[in-house]
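Everything below belongs to start25.cif, which stores mmCIF, N, CA and C atoms.
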data_model
#
loop_
_atom_site.group_PDB
_atom_site.id
_atom_site.type_symbol
_atom_site.label_atom_id
_atom_site.label_comp_id
_atom_site.auth_asym_id
_atom_site.auth_seq_id
_atom_site.Cartn_x
_atom_site.Cartn_y
_atom_site.Cartn_z
ATOM 1 N N MET L 1 119.546 133.820 174.426
ATOM 2 C CA MET L 1 120.086 132.920 173.430
ATOM 3 C C MET L 1 118.918 132.172 172.774
ATOM 4 N N LYS L 2 118.972 132.078 171.488
ATOM 5 C CA LYS L 2 117.896 131.408 170.754
ATOM 6 C C LYS L 2 117.939 129.910 171.004
ATOM 7 N N ILE L 3 116.772 129.306 170.921
ATOM 8 C CA ILE L 3 116.645 127.870 171.190
ATOM 9 C C ILE L 3 117.408 127.029 170.166
ATOM 10 N N GLU L 4 117.487 127.492 168.902
ATOM 11 C CA GLU L 4 118.225 126.746 167.877
ATOM 12 C C GLU L 4 119.717 126.702 168.204
ATOM 13 N N LEU L 5 120.247 127.823 168.710
ATOM 14 C CA LEU L 5 121.659 127.874 169.070
ATOM 15 C C LEU L 5 121.940 126.978 170.270
ATOM 16 N N LYS L 6 121.055 127.000 171.256
ATOM 17 C CA LYS L 6 121.217 126.135 172.428
ATOM 18 C C LYS L 6 121.197 124.666 172.019
ATOM 19 N N THR L 7 120.264 124.311 171.156
ATOM 20 C CA THR L 7 120.158 122.934 170.679
ATOM 21 C C THR L 7 121.423 122.526 169.938
ATOM 22 N N PHE L 8 121.898 123.418 169.075
ATOM 23 C CA PHE L 8 123.118 123.135 168.327
ATOM 24 C C PHE L 8 124.302 122.925 169.276
ATOM 25 N N LEU L 9 124.463 123.799 170.263
ATOM 26 C CA LEU L 9 125.576 123.692 171.202
ATOM 27 C C LEU L 9 125.502 122.411 172.034
ATOM 28 N N ILE L 10 124.311 122.020 172.424
ATOM 29 C CA ILE L 10 124.145 120.780 173.192
ATOM 30 C C ILE L 10 124.524 119.569 172.346
ATOM 31 N N ILE L 11 124.017 119.533 171.122
ATOM 32 C CA ILE L 11 124.326 118.412 170.219
ATOM 33 C C ILE L 11 125.818 118.388 169.890
ATOM 34 N N PHE L 12 126.389 119.552 169.639
ATOM 35 C CA PHE L 12 127.820 119.641 169.339
ATOM 36 C C PHE L 12 128.652 119.162 170.522
ATOM 37 N N GLY L 13 128.276 119.561 171.718
ATOM 38 C CA GLY L 13 128.981 119.125 172.934
ATOM 39 C C GLY L 13 128.920 117.623 173.126
ATOM 40 N N ILE L 14 127.756 117.047 172.907
ATOM 41 C CA ILE L 14 127.588 115.596 173.040
ATOM 42 C C ILE L 14 128.451 114.864 172.010
ATOM 43 N N LEU L 15 128.466 115.369 170.775
ATOM 44 C CA LEU L 15 129.283 114.742 169.725
ATOM 45 C C LEU L 15 130.773 114.843 170.056
ATOM 46 N N CYS L 16 131.203 115.970 170.609
ATOM 47 C CA CYS L 16 132.616 116.121 170.999
ATOM 48 C C CYS L 16 132.984 115.119 172.095
ATOM 49 N N VAL L 17 132.126 114.974 173.089
ATOM 50 C CA VAL L 17 132.382 114.019 174.170
ATOM 51 C C VAL L 17 132.453 112.596 173.621
ATOM 52 N N LEU L 18 131.543 112.241 172.732
ATOM 53 C CA LEU L 18 131.556 110.902 172.132
ATOM 54 C C LEU L 18 132.818 110.679 171.298
ATOM 55 N N PHE L 19 133.204 111.692 170.544
ATOM 56 C CA PHE L 19 134.399 111.584 169.704
ATOM 57 C C PHE L 19 135.644 111.367 170.551
ATOM 58 N N PHE L 20 135.839 112.176 171.587
ATOM 59 C CA PHE L 20 137.020 112.030 172.435
ATOM 60 C C PHE L 20 136.967 110.741 173.250
ATOM 61 N N GLY L 21 135.779 110.320 173.624
ATOM 62 C CA GLY L 21 135.633 109.034 174.299
ATOM 63 C C GLY L 21 136.065 107.892 173.401
ATOM 64 N N PHE L 22 135.678 107.957 172.126
ATOM 65 C CA PHE L 22 136.078 106.938 171.165
ATOM 66 C C PHE L 22 137.594 106.933 170.986
ATOM 67 N N LEU L 23 138.215 108.122 170.922
ATOM 68 C CA LEU L 23 139.664 108.198 170.773
ATOM 69 C C LEU L 23 140.377 107.557 171.962
ATOM 70 N N LEU L 24 139.907 107.847 173.175
ATOM 71 C CA LEU L 24 140.516 107.262 174.361
ATOM 72 C C LEU L 24 140.330 105.747 174.401
ATOM 73 N N PHE L 25 139.130 105.289 174.068
ATOM 74 C CA PHE L 25 138.853 103.848 174.030
ATOM 75 C C PHE L 25 139.751 103.159 173.010
ATOM 76 N N SER L 26 139.886 103.752 171.849
ATOM 77 C CA SER L 26 140.702 103.172 170.783
ATOM 78 C C SER L 26 142.172 103.116 171.184
ATOM 79 N N ALA L 27 142.674 104.181 171.794
ATOM 80 C CA ALA L 27 144.069 104.202 172.227
ATOM 81 C C ALA L 27 144.317 103.143 173.299
ATOM 82 N N LYS L 28 143.396 103.007 174.235
ATOM 83 C CA LYS L 28 143.543 102.007 175.306
ATOM 84 C C LYS L 28 143.519 100.593 174.727
ATOM 85 N N ARG L 29 142.614 100.355 173.798
ATOM 86 C CA ARG L 29 142.511 99.032 173.172
ATOM 87 C C ARG L 29 143.794 98.692 172.394
ATOM 88 N N ASN L 30 144.325 99.664 171.655
ATOM 89 C CA ASN L 30 145.564 99.427 170.906
ATOM 90 C C ASN L 30 146.740 99.168 171.848
ATOM 91 N N PHE L 31 146.792 99.894 172.970
ATOM 92 C CA PHE L 31 147.862 99.689 173.934
ATOM 93 C C PHE L 31 147.784 98.282 174.521
ATOM 94 N N GLU L 32 146.585 97.850 174.900
ATOM 95 C CA GLU L 32 146.418 96.505 175.464
ATOM 96 C C GLU L 32 146.765 95.422 174.452
ATOM 97 N N LYS L 33 146.380 95.651 173.203
ATOM 98 C CA LYS L 33 146.692 94.690 172.145
ATOM 99 C C LYS L 33 148.208 94.622 171.940
ATOM 100 N N ASN L 34 148.852 95.783 171.976
ATOM 101 C CA ASN L 34 150.293 95.858 171.805
ATOM 102 C C ASN L 34 151.022 95.145 172.941
ATOM 103 N N ILE L 35 150.549 95.315 174.164
ATOM 104 C CA ILE L 35 151.169 94.666 175.330
ATOM 105 C C ILE L 35 151.041 93.143 175.225
ATOM 106 N N ALA L 36 149.972 92.669 174.619
ATOM 107 C CA ALA L 36 149.718 91.230 174.522
ATOM 108 C C ALA L 36 150.575 90.540 173.446
ATOM 109 N N TYR L 37 151.176 91.303 172.551
ATOM 110 C CA TYR L 37 152.017 90.692 171.513
ATOM 111 C C TYR L 37 153.199 89.952 172.127
ATOM 112 N N GLU L 38 153.497 88.792 171.545
ATOM 113 C CA GLU L 38 154.715 88.069 171.886
ATOM 114 C C GLU L 38 155.193 87.354 170.630
ATOM 115 N N PHE L 39 156.395 87.682 170.211
ATOM 116 C CA PHE L 39 156.965 87.042 169.034
ATOM 117 C C PHE L 39 158.472 87.189 169.061
ATOM 118 N N SER L 40 159.115 86.361 168.288
ATOM 119 C CA SER L 40 160.551 86.427 168.086
ATOM 120 C C SER L 40 160.827 85.702 166.783
ATOM 121 N N GLY L 41 161.271 86.446 165.804
ATOM 122 C CA GLY L 41 161.530 85.799 164.530
ATOM 123 C C GLY L 41 161.964 86.771 163.456
ATOM 124 N N VAL L 42 162.161 86.203 162.297
ATOM 125 C CA VAL L 42 162.603 86.974 161.140
ATOM 126 C C VAL L 42 161.402 87.664 160.505
ATOM 127 N N VAL L 43 161.571 88.921 160.159
ATOM 128 C CA VAL L 43 160.520 89.695 159.506
ATOM 129 C C VAL L 43 160.417 89.226 158.059
ATOM 130 N N ALA L 44 159.292 88.581 157.734
ATOM 131 C CA ALA L 44 159.079 88.091 156.373
ATOM 132 C C ALA L 44 158.722 89.244 155.440
ATOM 133 N N THR L 45 157.832 90.129 155.894
ATOM 134 C CA THR L 45 157.487 91.332 155.141
ATOM 135 C C THR L 45 157.228 92.460 156.125
ATOM 136 N N VAL L 46 157.425 93.662 155.638
ATOM 137 C CA VAL L 46 157.120 94.856 156.429
ATOM 138 C C VAL L 46 156.544 95.912 155.493
ATOM 139 N N SER L 47 155.510 96.580 155.956
ATOM 140 C CA SER L 47 154.947 97.705 155.206
ATOM 141 C C SER L 47 154.629 98.808 156.200
ATOM 142 N N TYR L 48 154.742 100.028 155.739
ATOM 143 C CA TYR L 48 154.504 101.191 156.583
ATOM 144 C C TYR L 48 153.278 101.943 156.087
ATOM 145 N N ASP L 49 152.440 102.410 157.033
ATOM 146 C CA ASP L 49 151.297 103.220 156.636
ATOM 147 C C ASP L 49 151.745 104.675 156.456
ATOM 148 N N VAL L 50 150.809 105.556 156.141
ATOM 149 C CA VAL L 50 151.152 106.946 155.866
ATOM 150 C C VAL L 50 151.734 107.661 157.085
ATOM 151 N N LYS L 51 151.465 107.148 158.281
ATOM 152 C CA LYS L 51 152.007 107.750 159.498
ATOM 153 C C LYS L 51 153.365 107.152 159.888
ATOM 154 N N GLY L 52 153.846 106.173 159.114
ATOM 155 C CA GLY L 52 155.125 105.550 159.404
ATOM 156 C C GLY L 52 155.040 104.387 160.371
ATOM 157 N N MET L 53 153.817 103.914 160.660
ATOM 158 C CA MET L 53 153.647 102.778 161.566
ATOM 159 C C MET L 53 153.760 101.485 160.770
ATOM 160 N N PRO L 54 154.635 100.574 161.213
ATOM 161 C CA PRO L 54 154.850 99.353 160.444
ATOM 162 C C PRO L 54 153.851 98.246 160.767
ATOM 163 N N THR L 55 153.588 97.453 159.763
ATOM 164 C CA THR L 55 152.892 96.178 159.909
ATOM 165 C C THR L 55 153.886 95.126 159.447
ATOM 166 N N VAL L 56 154.162 94.160 160.324
ATOM 167 C CA VAL L 56 155.153 93.132 160.005
ATOM 168 C C VAL L 56 154.492 91.764 160.007
ATOM 169 N N ILE L 57 155.070 90.869 159.232
ATOM 170 C CA ILE L 57 154.656 89.469 159.264
ATOM 171 C C ILE L 57 155.850 88.661 159.758
ATOM 172 N N ILE L 58 155.623 87.965 160.872
ATOM 173 C CA ILE L 58 156.639 87.107 161.493
ATOM 174 C C ILE L 58 155.991 85.752 161.728
ATOM 175 N N ASP L 59 156.620 84.694 161.244
ATOM 176 C CA ASP L 59 156.077 83.340 161.376
ATOM 177 C C ASP L 59 154.628 83.259 160.904
ATOM 178 N N LYS L 60 154.349 83.864 159.769
ATOM 179 C CA LYS L 60 153.036 83.840 159.109
ATOM 180 C C LYS L 60 151.935 84.522 159.907
ATOM 181 N N LYS L 61 152.297 85.351 160.891
ATOM 182 C CA LYS L 61 151.318 86.124 161.656
ATOM 183 C C LYS L 61 151.591 87.609 161.442
ATOM 184 N N GLU L 62 150.498 88.365 161.293
ATOM 185 C CA GLU L 62 150.616 89.791 161.039
ATOM 186 C C GLU L 62 150.488 90.580 162.343
ATOM 187 N N TYR L 63 151.378 91.547 162.526
ATOM 188 C CA TYR L 63 151.371 92.399 163.711
ATOM 189 C C TYR L 63 151.411 93.861 163.274
ATOM 190 N N TYR L 64 150.453 94.637 163.750
ATOM 191 C CA TYR L 64 150.464 96.082 163.523
ATOM 192 C C TYR L 64 151.127 96.713 164.729
ATOM 193 N N LEU L 65 152.275 97.327 164.520
ATOM 194 C CA LEU L 65 153.024 97.937 165.611
ATOM 195 C C LEU L 65 152.526 99.370 165.776
ATOM 196 N N SER L 66 151.786 99.586 166.834
ATOM 197 C CA SER L 66 151.030 100.821 166.992
ATOM 198 C C SER L 66 151.881 102.039 167.304
ATOM 199 N N ALA L 67 151.211 103.177 167.302
ATOM 200 C CA ALA L 67 151.843 104.462 167.552
ATOM 201 C C ALA L 67 152.441 104.514 168.957
ATOM 202 N N GLY L 68 153.313 105.470 169.158
ATOM 203 C CA GLY L 68 153.969 105.633 170.438
ATOM 204 C C GLY L 68 155.434 105.215 170.375
ATOM 205 N N TYR L 69 155.811 104.607 169.286
ATOM 206 C CA TYR L 69 157.191 104.195 169.075
ATOM 207 C C TYR L 69 157.736 104.937 167.862
ATOM 208 N N ASN L 70 159.017 105.204 167.881
ATOM 209 C CA ASN L 70 159.644 105.857 166.736
ATOM 210 C C ASN L 70 160.468 104.816 165.976
ATOM 211 N N PHE L 71 159.780 103.999 165.192
ATOM 212 C CA PHE L 71 160.462 102.953 164.436
ATOM 213 C C PHE L 71 161.300 103.525 163.300
ATOM 214 N N ASN L 72 160.944 104.725 162.852
ATOM 215 C CA ASN L 72 161.747 105.487 161.899
ATOM 216 C C ASN L 72 162.175 104.680 160.667
ATOM 217 N N PHE L 73 161.322 103.765 160.219
ATOM 218 C CA PHE L 73 161.554 102.950 159.023
ATOM 219 C C PHE L 73 162.806 102.070 159.147
ATOM 220 N N TYR L 74 163.225 101.744 160.380
ATOM 221 C CA TYR L 74 164.396 100.885 160.594
ATOM 222 C C TYR L 74 164.108 99.421 160.285
ATOM 223 N N ILE L 75 162.883 98.981 160.471
ATOM 224 C CA ILE L 75 162.563 97.564 160.302
ATOM 225 C C ILE L 75 162.536 97.223 158.818
ATOM 226 N N GLU L 76 163.307 96.208 158.460
ATOM 227 C CA GLU L 76 163.379 95.770 157.064
ATOM 228 C C GLU L 76 163.179 94.259 156.989
ATOM 229 N N LYS L 77 162.815 93.811 155.817
ATOM 230 C CA LYS L 77 162.661 92.381 155.585
ATOM 231 C C LYS L 77 163.981 91.674 155.895
ATOM 232 N N GLY L 78 163.896 90.568 156.649
ATOM 233 C CA GLY L 78 165.082 89.787 156.992
ATOM 234 C C GLY L 78 165.640 90.108 158.374
ATOM 235 N N ASP L 79 165.246 91.240 158.949
ATOM 236 C CA ASP L 79 165.691 91.574 160.306
ATOM 237 C C ASP L 79 164.975 90.674 161.312
ATOM 238 N N VAL L 80 165.575 90.508 162.489
ATOM 239 C CA VAL L 80 164.952 89.750 163.571
ATOM 240 C C VAL L 80 164.295 90.745 164.513
ATOM 241 N N LEU L 81 163.032 90.506 164.824
ATOM 242 C CA LEU L 81 162.281 91.381 165.724
ATOM 243 C C LEU L 81 161.745 90.539 166.871
ATOM 244 N N LYS L 82 161.946 91.046 168.108
ATOM 245 C CA LYS L 82 161.517 90.318 169.303
ATOM 246 C C LYS L 82 160.656 91.213 170.177
ATOM 247 N N LYS L 83 159.659 90.593 170.815
ATOM 248 C CA LYS L 83 158.786 91.294 171.758
ATOM 249 C C LYS L 83 158.245 90.259 172.722
ATOM 250 N N LYS L 84 158.359 90.542 174.037
ATOM 251 C CA LYS L 84 157.823 89.647 175.057
ATOM 252 C C LYS L 84 156.463 90.150 175.513
ATOM 253 N N LYS L 85 155.579 89.217 175.823
ATOM 254 C CA LYS L 85 154.249 89.556 176.315
ATOM 255 C C LYS L 85 154.367 90.338 177.624
ATOM 256 N N GLY L 86 153.617 91.429 177.713
ATOM 257 C CA GLY L 86 153.633 92.260 178.908
ATOM 258 C C GLY L 86 154.701 93.338 178.890
ATOM 259 N N SER L 87 155.580 93.289 177.917
ATOM 260 C CA SER L 87 156.661 94.266 177.807
ATOM 261 C C SER L 87 156.278 95.357 176.804
ATOM 262 N N THR L 88 156.857 96.526 176.981
ATOM 263 C CA THR L 88 156.649 97.599 176.007
ATOM 264 C C THR L 88 157.870 97.784 175.113
ATOM 265 N N THR L 89 158.828 96.883 175.216
ATOM 266 C CA THR L 89 160.082 97.008 174.474
ATOM 267 C C THR L 89 160.131 96.041 173.290
ATOM 268 N N TYR L 90 160.473 96.591 172.139
ATOM 269 C CA TYR L 90 160.752 95.795 170.948
ATOM 270 C C TYR L 90 162.259 95.786 170.753
ATOM 271 N N THR L 91 162.817 94.629 170.391
ATOM 272 C CA THR L 91 164.242 94.525 170.108
ATOM 273 C C THR L 91 164.407 94.125 168.645
ATOM 274 N N LEU L 92 165.155 94.929 167.918
ATOM 275 C CA LEU L 92 165.394 94.700 166.500
ATOM 276 C C LEU L 92 166.870 94.376 166.301
ATOM 277 N N ILE L 93 167.129 93.267 165.610
ATOM 278 C CA ILE L 93 168.506 92.898 165.262
ATOM 279 C C ILE L 93 168.610 93.004 163.745
ATOM 280 N N LYS L 94 169.428 93.952 163.302
ATOM 281 C CA LYS L 94 169.564 94.198 161.868
ATOM 282 C C LYS L 94 170.297 93.043 161.199
ATOM 283 N N GLN L 95 169.744 92.580 160.099
ATOM 284 C CA GLN L 95 170.313 91.440 159.376
ATOM 285 C C GLN L 95 171.682 91.793 158.792
ATOM 286 N N LYS L 96 171.810 92.960 158.220
ATOM 287 C CA LYS L 96 173.032 93.319 157.503
ATOM 288 C C LYS L 96 174.203 93.612 158.430
ATOM 289 N N THR L 97 173.933 94.251 159.570
ATOM 290 C CA THR L 97 175.024 94.712 160.430
ATOM 291 C C THR L 97 175.092 93.992 161.775
ATOM 292 N N GLY L 98 174.019 93.340 162.168
ATOM 293 C CA GLY L 98 173.973 92.716 163.486
ATOM 294 C C GLY L 98 173.716 93.719 164.607
ATOM 295 N N LYS L 99 173.505 94.958 164.242
ATOM 296 C CA LYS L 99 173.256 96.015 165.231
ATOM 297 C C LYS L 99 171.936 95.746 165.952
ATOM 298 N N ILE L 100 171.934 95.954 167.273
ATOM 299 C CA ILE L 100 170.730 95.752 168.080
ATOM 300 C C ILE L 100 170.135 97.108 168.429
ATOM 301 N N ILE L 101 168.853 97.273 168.104
ATOM 302 C CA ILE L 101 168.139 98.518 168.367
ATOM 303 C C ILE L 101 166.938 98.194 169.244
ATOM 304 N N SER L 102 166.775 98.926 170.323
ATOM 305 C CA SER L 102 165.624 98.746 171.204
ATOM 306 C C SER L 102 164.665 99.918 171.050
ATOM 307 N N PHE L 103 163.396 99.600 170.955
ATOM 308 C CA PHE L 103 162.338 100.609 170.897
ATOM 309 C C PHE L 103 161.487 100.447 172.144
ATOM 310 N N ASN L 104 161.342 101.524 172.896
ATOM 311 C CA ASN L 104 160.554 101.467 174.117
ATOM 312 C C ASN L 104 159.580 102.623 174.136
ATOM 313 N N ASN L 105 158.406 102.353 174.670
ATOM 314 C CA ASN L 105 157.367 103.374 174.750
ATOM 315 C C ASN L 105 157.313 103.917 176.157
#
Whole structure, structure tokens version:
Amino acid sequence: MKIELKTFLIIFGILCVLFFGFLLFSAKRNFEKNIAYEFSGVVATVSYDVKGMPTVIIDKKEYYLSAGYNFNFYIEKGDVLKKKKGSTTYTLIKQKTGKIISFNN
């Protein structure tokens, strides 16, 4: 095997390990941040990113609700959204119908 190919494979392998390490670190950090959320209030605004993950503003604080949940665009302005610290469950109370929807990861 030529030395250039060996060098390329070594560098490529190192970059792959770093990339997957970053992905795992990022996922763990987002999970910990998500677990630390605690709120209960009316959704003042909601916006969805291209992946369908919502960002909500409740009591003038912004919360990015991370992946792993199937919110399915159910959260709307005026709905009540609750989350307890240490819990993985979000409770949504629809403003129009009063229907209670639980999202759990």
Between atom C of Phe20 of chain L and atom CA of Phe8 of chain L - distance in Å to one decimal: 19.2 Å
Residue neighbourhood segment 39-52 of chain L, 6 Å, all atoms listed in the file, exclusion window fewer than 2 positions, as a list in words: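 Those residues are Tyr37, Pro54, Thr55, Val56, Ile57, Ile58, Asp59, Glu76, Lys77, Gly78, Asp79, Val80, Leu81, Lys82, Lys83, Lys84 and Lys85 of chain L.
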Given the PyMOL selection byres (((chain L and resi 35 and name CA) around 9) and name CA), the residues it picks as a list in words: Asn30, Phe31, Glu32, Lys33, Asn34, Ala36, Tyr37, Glu38, Lys84, Lys85, Gly86, Ser87 and Thr88 of chain L
Same residues, N, CA and C atoms, saved as a short mmCIF file (atom, residue, chain, number, x, y, z; two decimals), in the coordinates of the input:
data_model
loop_
_atom_site.label_atom_id
_atom_site.label_comp_id
_atom_site.auth_asym_id
_atom_site.auth_seq_id
_atom_site.Cartn_x
_atom_site.Cartn_y
_atom_site.Cartn_z
N ASN L 30 144.32 99.66 171.66
CA ASN L 30 145.56 99.43 170.91
C ASN L 30 146.74 99.17 171.85
N PHE L 31 146.79 99.89 172.97
CA PHE L 31 147.86 99.69 173.93
C PHE L 31 147.78 98.28 174.52
N GLU L 32 146.58 97.85 174.90
CA GLU L 32 146.42 96.50 175.46
C GLU L 32 146.76 95.42 174.45
N LYS L 33 146.38 95.65 173.20
CA LYS L 33 146.69 94.69 172.14
C LYS L 33 148.21 94.62 171.94
N ASN L 34 148.85 95.78 171.98
CA ASN L 34 150.29 95.86 171.80
C ASN L 34 151.02 95.14 172.94
N ALA L 36 149.97 92.67 174.62
CA ALA L 36 149.72 91.23 174.52
C ALA L 36 150.57 90.54 173.45
N TYR L 37 151.18 91.30 172.55
CA TYR L 37 152.02 90.69 171.51
C TYR L 37 153.20 89.95 172.13
N GLU L 38 153.50 88.79 171.54
CA GLU L 38 154.72 88.07 171.89
C GLU L 38 155.19 87.35 170.63
N LYS L 84 158.36 90.54 174.04
CA LYS L 84 157.82 89.65 175.06
C LYS L 84 156.46 90.15 175.51
N LYS L 85 155.58 89.22 175.82
CA LYS L 85 154.25 89.56 176.32
C LYS L 85 154.37 90.34 177.62
N GLY L 86 153.62 91.43 177.71
CA GLY L 86 153.63 92.26 178.91
C GLY L 86 154.70 93.34 178.89
N SER L 87 155.58 93.29 177.92
CA SER L 87 156.66 94.27 177.81
C SER L 87 156.28 95.36 176.80
N THR L 88 156.86 96.53 176.98
CA THR L 88 156.65 97.60 176.01
C THR L 88 157.87 97.78 175.11
#
Atomic separation - atom N of Phe103 of chain L relative to atom CA of Thr91 of chain L, Å: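 Value for the atom CA of Thr91 of chain L-atom N of Phe103 of chain L distance: 5.2 Å.
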Every residue of chain L that DSSP places in alpha helix (DSSP H), as an MDAnalysis selection string: chainID L and resid 3:36
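The space separating atom N of Ile3 of chain L from atom N of Val17 of chain L comes to 21.1 Å.
You can rank L:Leu9, L:Arg29, L:Glu4, L:Asn105 by their closest distance to Gly68 of chain L using only N, CA and C atoms, and at the top of that list sits L:Asn105.
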Report the centre and edge lengths, in Å to one decimal, of an axis-aligned box enclosing every atom of segment 18-35 of chain L listed in the file, padded by 5 Å on each side, as AutoDock Vina command-line options.
--center_x 141.4 --center_y 102.7 --center_z 172.6 --size_x 29.6 --size_y 29.1 --size_z 15.8
Picked from chain L by DSSP as strand (DSSP E), as number ranges by chain: L: 39-48, 54-58, 61-64, 80-83, 89-93, 100-104
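Around Ile101 of chain L, within 6 Å and counting all atoms listed in the file, the residues found are Tyr90, Thr91, Leu92, Ile93 and Lys94 of chain L, once anything fewer than 3 positions away on its own chain is removed.
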